[in-house]
$ cat start-v4.tsv   # TSV, C-alpha atoms
chain	number	residue	atom	x	y	z
A	1	MET	CA	-67.55	152.30	131.37
A	2	SER	CA	-65.23	153.69	128.70
A	3	ARG	CA	-61.58	153.36	129.71
A	4	ILE	CA	-60.64	156.47	127.79
A	5	GLY	CA	-63.77	158.46	128.67
A	6	LYS	CA	-63.43	158.04	132.43
A	7	MET	CA	-59.83	159.34	132.59
A	8	PRO	CA	-59.70	162.93	133.87
A	9	ILE	CA	-57.94	165.56	131.74
A	10	SER	CA	-55.36	167.58	133.65
A	11	ILE	CA	-55.13	171.29	132.80
A	12	PRO	CA	-51.60	172.78	132.55
A	13	ASN	CA	-50.85	176.04	134.41
A	14	ASN	CA	-50.59	178.15	131.25
A	15	VAL	CA	-54.01	177.04	129.88
A	16	LYS	CA	-57.35	178.65	130.70
A	17	VAL	CA	-60.51	176.53	130.26
A	18	ASP	CA	-64.05	177.93	130.23
A	19	ILE	CA	-67.11	175.61	130.16
A	20	LYS	CA	-70.56	177.09	129.44
A	21	ALA	CA	-73.32	174.49	129.02
A	22	ASN	CA	-71.63	172.23	126.45
A	23	LEU	CA	-69.39	174.83	124.81
A	24	VAL	CA	-65.75	174.36	125.83
A	25	SER	CA	-63.32	177.25	125.22
A	26	VAL	CA	-59.59	176.71	125.74
A	27	GLU	CA	-56.96	179.45	125.62
A	28	GLY	CA	-53.19	179.03	125.86
A	29	PRO	CA	-49.86	180.30	124.53
A	30	LYS	CA	-50.37	178.76	121.04
A	31	GLY	CA	-53.89	180.13	120.47
A	32	LYS	CA	-57.55	179.85	121.35
A	33	LEU	CA	-59.98	177.04	120.45
A	34	SER	CA	-63.65	176.48	121.22
A	35	GLN	CA	-66.01	173.66	120.32
A	36	GLY	CA	-69.56	172.64	121.14
A	37	PHE	CA	-70.34	169.11	122.32
A	38	SER	CA	-73.47	166.97	122.61
A	39	PRO	CA	-75.82	167.78	125.52
A	40	LEU	CA	-75.98	164.02	126.23
A	41	ILE	CA	-72.45	164.21	127.69
A	42	GLY	CA	-71.75	166.10	130.92
A	43	ILE	CA	-68.53	168.15	131.06
A	44	SER	CA	-67.35	169.66	134.36
A	45	LYS	CA	-64.20	171.24	135.77
A	46	GLU	CA	-63.02	170.07	139.22
A	47	ASN	CA	-59.64	170.80	140.90
A	48	GLU	CA	-57.76	171.77	137.70
A	49	LYS	CA	-59.09	168.66	135.93
A	50	ILE	CA	-61.87	168.18	133.41
A	51	ILE	CA	-64.27	165.29	134.03
A	52	VAL	CA	-66.44	163.89	131.21
A	53	LYS	CA	-69.51	161.87	132.26
A	54	ARG	CA	-72.26	160.24	130.27
A	55	SER	CA	-75.95	160.30	131.13
A	56	SER	CA	-76.81	156.67	130.26
A	57	ASP	CA	-75.40	153.47	128.76
A	58	GLU	CA	-77.05	153.72	125.33
A	59	LYS	CA	-74.80	152.79	122.42
A	60	GLN	CA	-74.70	156.31	120.91
A	61	ILE	CA	-73.87	157.94	124.24
A	62	ARG	CA	-71.15	155.38	124.98
A	63	ALA	CA	-69.59	156.20	121.61
A	64	LEU	CA	-69.65	159.95	122.35
A	65	HIS	CA	-68.07	159.52	125.81
A	66	GLY	CA	-64.51	158.64	124.75
A	67	THR	CA	-64.65	160.82	121.65
A	68	THR	CA	-65.62	163.91	123.65
A	69	ARG	CA	-62.86	163.30	126.19
A	70	ASN	CA	-60.21	162.91	123.46
A	71	LEU	CA	-61.37	166.01	121.57
A	72	ILE	CA	-61.08	168.13	124.73
A	73	ALA	CA	-57.66	166.61	125.52
A	74	ASN	CA	-56.49	167.45	121.96
A	75	MET	CA	-57.74	171.03	122.34
A	76	ILE	CA	-55.71	171.44	125.56
A	77	LYS	CA	-52.60	169.87	124.02
A	78	GLY	CA	-53.00	172.03	120.90
A	79	VAL	CA	-53.10	175.37	122.72
A	80	SER	CA	-50.25	174.42	125.07
A	81	GLU	CA	-47.84	172.47	122.80
A	82	GLY	CA	-49.35	172.53	119.29
A	83	PHE	CA	-49.45	169.86	116.60
A	84	GLN	CA	-47.27	169.42	113.55
A	85	LYS	CA	-46.91	167.21	110.50
A	86	GLU	CA	-43.85	167.03	108.29
A	87	LEU	CA	-43.87	166.40	104.54
A	88	GLU	CA	-40.99	165.65	102.16
A	89	ILE	CA	-40.85	166.84	98.56
A	90	VAL	CA	-38.80	164.35	96.53
A	91	GLY	CA	-37.90	164.93	92.88
A	92	VAL	CA	-35.30	166.59	90.67
A	93	GLY	CA	-36.25	170.21	90.07
A	94	TYR	CA	-39.06	170.20	92.64
A	95	SER	CA	-39.06	173.23	94.92
A	96	ALA	CA	-41.25	175.03	97.44
A	97	LYS	CA	-41.30	178.36	99.24
A	98	VAL	CA	-43.65	180.26	101.53
A	99	GLU	CA	-44.61	183.71	100.24
A	100	SER	CA	-47.12	185.97	102.03
A	101	GLY	CA	-48.70	183.02	103.85
A	102	LYS	CA	-49.08	180.85	100.70
A	103	LEU	CA	-47.08	177.74	99.85
A	104	ILE	CA	-45.84	177.96	96.25
A	105	MET	CA	-44.54	174.67	94.83
A	106	LYS	CA	-42.90	173.73	91.54
A	107	LEU	CA	-43.75	170.07	91.02
A	108	GLY	CA	-42.94	169.38	87.36
A	109	PHE	CA	-46.16	170.89	85.99
A	110	SER	CA	-46.23	173.75	83.47
A	111	HIS	CA	-47.33	176.11	86.26
A	112	PRO	CA	-46.49	176.58	89.94
A	113	VAL	CA	-48.98	175.05	92.38
A	114	GLU	CA	-50.23	177.37	95.14
A	115	TYR	CA	-51.74	176.26	98.43
A	116	VAL	CA	-53.44	178.75	100.76
A	117	PRO	CA	-53.66	177.26	104.30
A	118	PRO	CA	-56.41	178.03	106.83
A	119	ASP	CA	-55.71	180.89	109.26
A	120	SER	CA	-54.85	178.58	112.16
A	121	VAL	CA	-52.13	176.71	110.22
A	122	LYS	CA	-48.51	177.88	109.86
A	123	LEU	CA	-46.20	176.58	107.10
A	124	GLU	CA	-42.39	176.38	107.04
A	125	VAL	CA	-40.02	175.12	104.33
A	126	LYS	CA	-36.57	173.72	105.24
A	127	LYS	CA	-33.89	172.50	102.84
A	128	THR	CA	-32.14	169.38	104.13
A	129	LYS	CA	-31.22	166.27	102.15
A	130	THR	CA	-34.76	166.58	100.78
A	131	LEU	CA	-37.11	169.56	100.83
A	132	ASP	CA	-39.14	169.47	104.07
A	133	VAL	CA	-42.45	171.27	104.62
A	134	THR	CA	-43.64	171.59	108.24
A	135	VAL	CA	-47.35	172.16	108.86
A	136	SER	CA	-48.10	173.30	112.43
A	137	GLY	CA	-50.93	174.79	114.47
A	138	PRO	CA	-53.11	174.39	117.57
A	139	ASN	CA	-56.00	172.52	115.89
A	140	LYS	CA	-55.13	168.88	115.17
A	141	GLN	CA	-57.84	168.49	112.54
A	142	ASP	CA	-56.76	171.60	110.59
A	143	VAL	CA	-53.09	170.53	110.64
A	144	GLY	CA	-53.90	167.03	109.36
A	145	GLN	CA	-56.28	168.34	106.69
A	146	ALA	CA	-53.75	170.90	105.44
A	147	ALA	CA	-51.00	168.24	105.24
A	148	CYS	CA	-53.36	165.95	103.33
A	149	GLU	CA	-54.28	168.69	100.83
A	150	ILE	CA	-50.61	169.55	100.24
A	151	ARG	CA	-49.76	165.87	99.68
A	152	LYS	CA	-52.70	165.58	97.27
A	153	CYS	CA	-51.08	168.18	94.95
A	154	CYS	CA	-48.52	165.57	93.83
A	155	PRO	CA	-48.76	162.15	95.57
A	156	PRO	CA	-45.71	159.84	95.38
A	157	ASN	CA	-45.21	158.15	92.02
A	158	ALA	CA	-45.21	154.33	92.28
A	159	TYR	CA	-42.47	153.93	89.64
A	160	LYS	CA	-39.90	156.63	90.45
A	161	GLY	CA	-40.93	157.67	93.97
A	162	LYS	CA	-41.14	161.36	93.06
A	163	GLY	CA	-43.77	163.53	94.74
A	164	ILE	CA	-44.88	164.73	98.16
A	165	ARG	CA	-44.96	162.24	101.02
A	166	TYR	CA	-45.22	162.29	104.80
A	167	LYS	CA	-41.88	162.25	106.63
A	168	GLY	CA	-40.95	158.60	107.16
A	169	GLU	CA	-43.61	157.28	104.75
A	170	TYR	CA	-42.42	154.21	102.84
A	171	VAL	CA	-43.25	154.17	99.13
A	172	LYS	CA	-42.95	150.73	97.57
A	173	LEU	CA	-41.63	151.12	94.03
A	174	LYS	CA	-43.03	148.97	91.22
A	175	PRO	CA	-40.73	147.50	88.57
A	176	GLY	CA	-40.92	149.21	85.17
A	177	LYS	CA	-41.97	147.68	81.84
A	178	THR	CA	-38.48	146.44	80.98
A	179	ALA	CA	-38.18	144.46	84.21
A	180	ALA	CA	-41.56	142.80	83.68
A	181	THR	CA	-41.05	141.67	80.07
A	182	GLY	CA	-37.37	140.75	80.21
A	183	ALA	CA	-36.44	143.16	77.42
A	184	PRO	CA	-33.42	142.34	75.24
A	185	GLY	CA	-30.20	143.79	76.54
A	186	ALA	CA	-31.40	143.51	80.13
A	187	ALA	CA	-29.14	140.52	80.75

$ encode --input "start-v4.tsv" --output "structure tokens"
Amino acid sequence: MSRIGKMPISIPNNVKVDIKANLVSVEGPKGKLSQGFSPLIGISKENEKIIVKRSSDEKQIRALHGTTRNLIANMIKGVSEGFQKELEIVGVGYSAKVESGKLIMKLGFSHPVEYVPPDSVKLEVKKTKTLDVTVSGPNKQDVGQAACEIRKCCPPNAYKGKGIRYKGEYVKLKPGKTAATGAPGAA
């Protein structure tokens, strides 16, 4: 039996869960999510808890058991608390702002880079020691995908460390050409 799959999912007071066949709809203060699941997995609601059961011990069904339970738990957490990822923009002259739902970034290219997020994702830009971009929303997959696409616009440079990185991400810097060859005047 799957250790994760057999754990019941508790439903908070401010969340409404509706289960029809294998379509689970969850509604809470942060939004509404719904997702269909495999008919090989049984999903039921008992005493303000969701129970996920599998029909047999085949390998494919065992794999779906824990995955289904975690996806439903993430849906409930997303509509009650929400998910967020933070990115840092590091570099002289790099800037970002949110205008009419789009993230507009100046990243050292000849043109500004625009990113249009999905409808379920909200973007915020804060100026601290570095420029911080917060990606938040109820759907964990959409938040992670949006953060990945923003980071892909200008990944961290291995020599100077400039670019977009996740908050707390360590970027190991490589030595430049002069350090490798022992150039004259480097002594």

$ atom_distance --input "start-v4.tsv" --atom1 "CA of Ile50 in chain A" --atom2 "CA of Phe83 in chain A"
21.0 Å

$ residues_around --input "start-v4.tsv" --residues "Leu103 in chain A" --least-positions-apart "6" --cutoff "6 Å" --atoms "all atoms listed in the file" --output "list in words"
Lys97, Glu114 and Tyr115 of chain A

$ atom_distance --input "start-v4.tsv" --atom1 "CA of Tyr166 in chain A" --atom2 "CA of Ile89 in chain A"
8.9 Å

$ atom_distance --input "start-v4.tsv" --atom1 "CA of Gly36 in chain A" --atom2 "CA of Leu123 in chain A"
27.5 Å

$ closest_residue --input "start-v4.tsv" --among "A:Gly176, A:Pro117, A:Gly66, A:Pro8" --to "Glu149 in chain A" --atoms "all atoms listed in the file"
A:Pro117

$ closest_residue --input "start-v4.tsv" --among "A:Leu87, A:Ile41, A:Val116, A:Ala158" --to "Thr130 in chain A" --atoms "all atoms listed in the file"
A:Leu87

$ axis_aligned_box --input "start-v4.tsv" --around "range 102-121 of chain A" --padding-each-side "5 Å" --output "lines of an AutoDock Vina configuration file"
center_x = -49.7
center_y = 175.1
center_z = 97.8
size_x = 23.5
size_y = 21.5
size_z = 38.7

$ closest_residue --input "start-v4.tsv" --among "A:Lys102, A:Lys167, A:His111, A:His65" --to "Arg3 in chain A" --atoms "all atoms listed in the file"
A:His65

$ closest_residue --input "start-v4.tsv" --among "A:Gly28, A:Ser95, A:Met7, A:Asn47" --to "Lys127 in chain A" --atoms "all atoms listed in the file"
A:Ser95

$ closest_residue --input "start-v4.tsv" --among "A:Ile4, A:Leu107, A:Val171, A:Val98" --to "Lys152 in chain A" --atoms "all atoms listed in the file"
A:Leu107

$ residues_near_point --input "start-v4.tsv" --point "(-55.4, 178.0, 122.2)" --cutoff "8 Å" --atoms "all atoms listed in the file" --output "JSON, numbers by chain"
{"A": [15, 26, 27, 28, 29, 30, 31, 32, 33, 75, 76, 78, 79, 80, 138]}

$ residues_around --input "start-v4.tsv" --residues "Cys154 in chain A" --least-positions-apart "5" --cutoff "9 Å" --atoms "all atoms listed in the file" --output "ChimeraX atom specification"
/A:107,162-165

$ closest_residue --input "start-v4.tsv" --among "A:Glu88, A:Ala147, A:Asn13, A:Cys153" --to "Phe109 in chain A" --atoms "all atoms listed in the file"
A:Cys153

$ residues_around --input "start-v4.tsv" --residues "Ser34 in chain A" --least-positions-apart "4" --cutoff "10 Å" --atoms "only C-alpha atoms" --output "PyMOL selection string"
chain A and resi 17-19+23-27+72+75

$ residues_near_point --input "start-v4.tsv" --point "(-55.5, 169.2, 131.9)" --cutoff "7 Å" --atoms "all atoms listed in the file" --output "mmCIF file with C-alpha atoms, keeping the file's coordinate frame"
data_model
loop_
_atom_site.group_PDB
_atom_site.id
_atom_site.type_symbol
_atom_site.label_atom_id
_atom_site.label_comp_id
_atom_site.auth_asym_id
_atom_site.auth_seq_id
_atom_site.Cartn_x
_atom_site.Cartn_y
_atom_site.Cartn_z
ATOM 1 C CA ILE A 9 -57.940 165.560 131.740
ATOM 2 C CA SER A 10 -55.360 167.580 133.650
ATOM 3 C CA ILE A 11 -55.130 171.290 132.800
ATOM 4 C CA PRO A 12 -51.600 172.780 132.550
ATOM 5 C CA GLU A 48 -57.760 171.770 137.700
ATOM 6 C CA LYS A 49 -59.090 168.660 135.930
ATOM 7 C CA ILE A 50 -61.870 168.180 133.410
ATOM 8 C CA ILE A 76 -55.710 171.440 125.560
#

$ build_atoms --input "start-v4.tsv" --residues "range 41-52 of chain A" --atoms "all heavy atoms" --output "short mmCIF file (atom, residue, chain, number, x, y, z; two decimals), keeping the file's coordinate frame"
data_model
loop_
_atom_site.label_atom_id
_atom_site.label_comp_id
_atom_site.auth_asym_id
_atom_site.auth_seq_id
_atom_site.Cartn_x
_atom_site.Cartn_y
_atom_site.Cartn_z
N ILE A 41 -73.68 164.43 126.93
CA ILE A 41 -72.45 164.21 127.69
C ILE A 41 -72.26 165.38 128.66
O ILE A 41 -72.34 166.54 128.26
CB ILE A 41 -71.23 164.11 126.74
CG1 ILE A 41 -71.41 162.97 125.73
CG2 ILE A 41 -69.93 163.95 127.50
CD1 ILE A 41 -71.40 161.59 126.32
N GLY A 42 -71.99 165.07 129.92
CA GLY A 42 -71.75 166.10 130.92
C GLY A 42 -70.27 166.42 131.03
O GLY A 42 -69.43 165.52 131.16
N ILE A 43 -69.92 167.71 130.97
CA ILE A 43 -68.53 168.15 131.06
C ILE A 43 -68.42 169.10 132.25
O ILE A 43 -69.17 170.07 132.34
CB ILE A 43 -68.10 168.88 129.77
CG1 ILE A 43 -68.31 167.97 128.55
CG2 ILE A 43 -66.65 169.32 129.85
CD1 ILE A 43 -68.21 168.68 127.22
N SER A 44 -67.51 168.80 133.18
CA SER A 44 -67.35 169.66 134.36
C SER A 44 -65.87 169.84 134.68
O SER A 44 -65.03 169.02 134.30
CB SER A 44 -68.08 169.05 135.56
OG SER A 44 -67.54 167.79 135.88
N LYS A 45 -65.57 170.93 135.39
CA LYS A 45 -64.20 171.24 135.77
C LYS A 45 -64.10 171.14 137.29
O LYS A 45 -64.84 171.81 138.01
CB LYS A 45 -63.86 172.66 135.30
CG LYS A 45 -62.46 173.11 135.58
CD LYS A 45 -62.27 174.51 135.01
CE LYS A 45 -60.94 175.08 135.44
NZ LYS A 45 -60.77 176.46 134.97
N GLU A 46 -63.19 170.28 137.78
CA GLU A 46 -63.02 170.07 139.22
C GLU A 46 -61.52 169.98 139.54
O GLU A 46 -60.84 169.11 139.00
CB GLU A 46 -63.70 168.77 139.66
CG GLU A 46 -65.19 168.71 139.40
CD GLU A 46 -65.77 167.33 139.63
OE1 GLU A 46 -65.06 166.45 140.17
OE2 GLU A 46 -66.93 167.12 139.25
N ASN A 47 -61.04 170.85 140.42
CA ASN A 47 -59.64 170.80 140.90
C ASN A 47 -58.62 170.76 139.76
O ASN A 47 -57.77 169.87 139.71
CB ASN A 47 -59.43 169.60 141.83
CG ASN A 47 -60.34 169.65 143.02
OD1 ASN A 47 -60.72 170.72 143.47
ND2 ASN A 47 -60.70 168.48 143.52
N GLU A 48 -58.69 171.69 138.83
CA GLU A 48 -57.76 171.77 137.70
C GLU A 48 -57.77 170.50 136.84
O GLU A 48 -56.76 170.14 136.25
CB GLU A 48 -56.33 172.10 138.17
CG GLU A 48 -56.19 173.47 138.80
CD GLU A 48 -56.65 174.60 137.89
OE1 GLU A 48 -56.28 174.60 136.72
OE2 GLU A 48 -57.39 175.47 138.37
N LYS A 49 -58.90 169.82 136.80
CA LYS A 49 -59.09 168.66 135.93
C LYS A 49 -60.46 168.75 135.30
O LYS A 49 -61.39 169.30 135.89
CB LYS A 49 -58.96 167.36 136.72
CG LYS A 49 -57.57 167.13 137.23
CD LYS A 49 -57.41 165.75 137.78
CE LYS A 49 -55.98 165.63 138.28
NZ LYS A 49 -55.44 164.35 138.22
N ILE A 50 -60.58 168.23 134.10
CA ILE A 50 -61.87 168.18 133.41
C ILE A 50 -62.38 166.74 133.47
O ILE A 50 -61.66 165.80 133.12
CB ILE A 50 -61.75 168.66 131.95
CG1 ILE A 50 -61.33 170.12 131.93
CG2 ILE A 50 -63.06 168.47 131.21
CD1 ILE A 50 -61.12 170.67 130.55
N ILE A 51 -63.63 166.60 133.91
CA ILE A 51 -64.27 165.29 134.03
C ILE A 51 -65.38 165.21 132.98
O ILE A 51 -66.21 166.12 132.87
CB ILE A 51 -64.88 165.08 135.44
CG1 ILE A 51 -63.87 165.40 136.54
CG2 ILE A 51 -65.46 163.70 135.58
CD1 ILE A 51 -62.69 164.47 136.59
N VAL A 52 -65.40 164.12 132.22
CA VAL A 52 -66.44 163.89 131.21
C VAL A 52 -67.28 162.71 131.67
O VAL A 52 -66.75 161.63 131.92
CB VAL A 52 -65.80 163.60 129.82
CG1 VAL A 52 -66.85 163.35 128.78
CG2 VAL A 52 -64.89 164.74 129.40
#
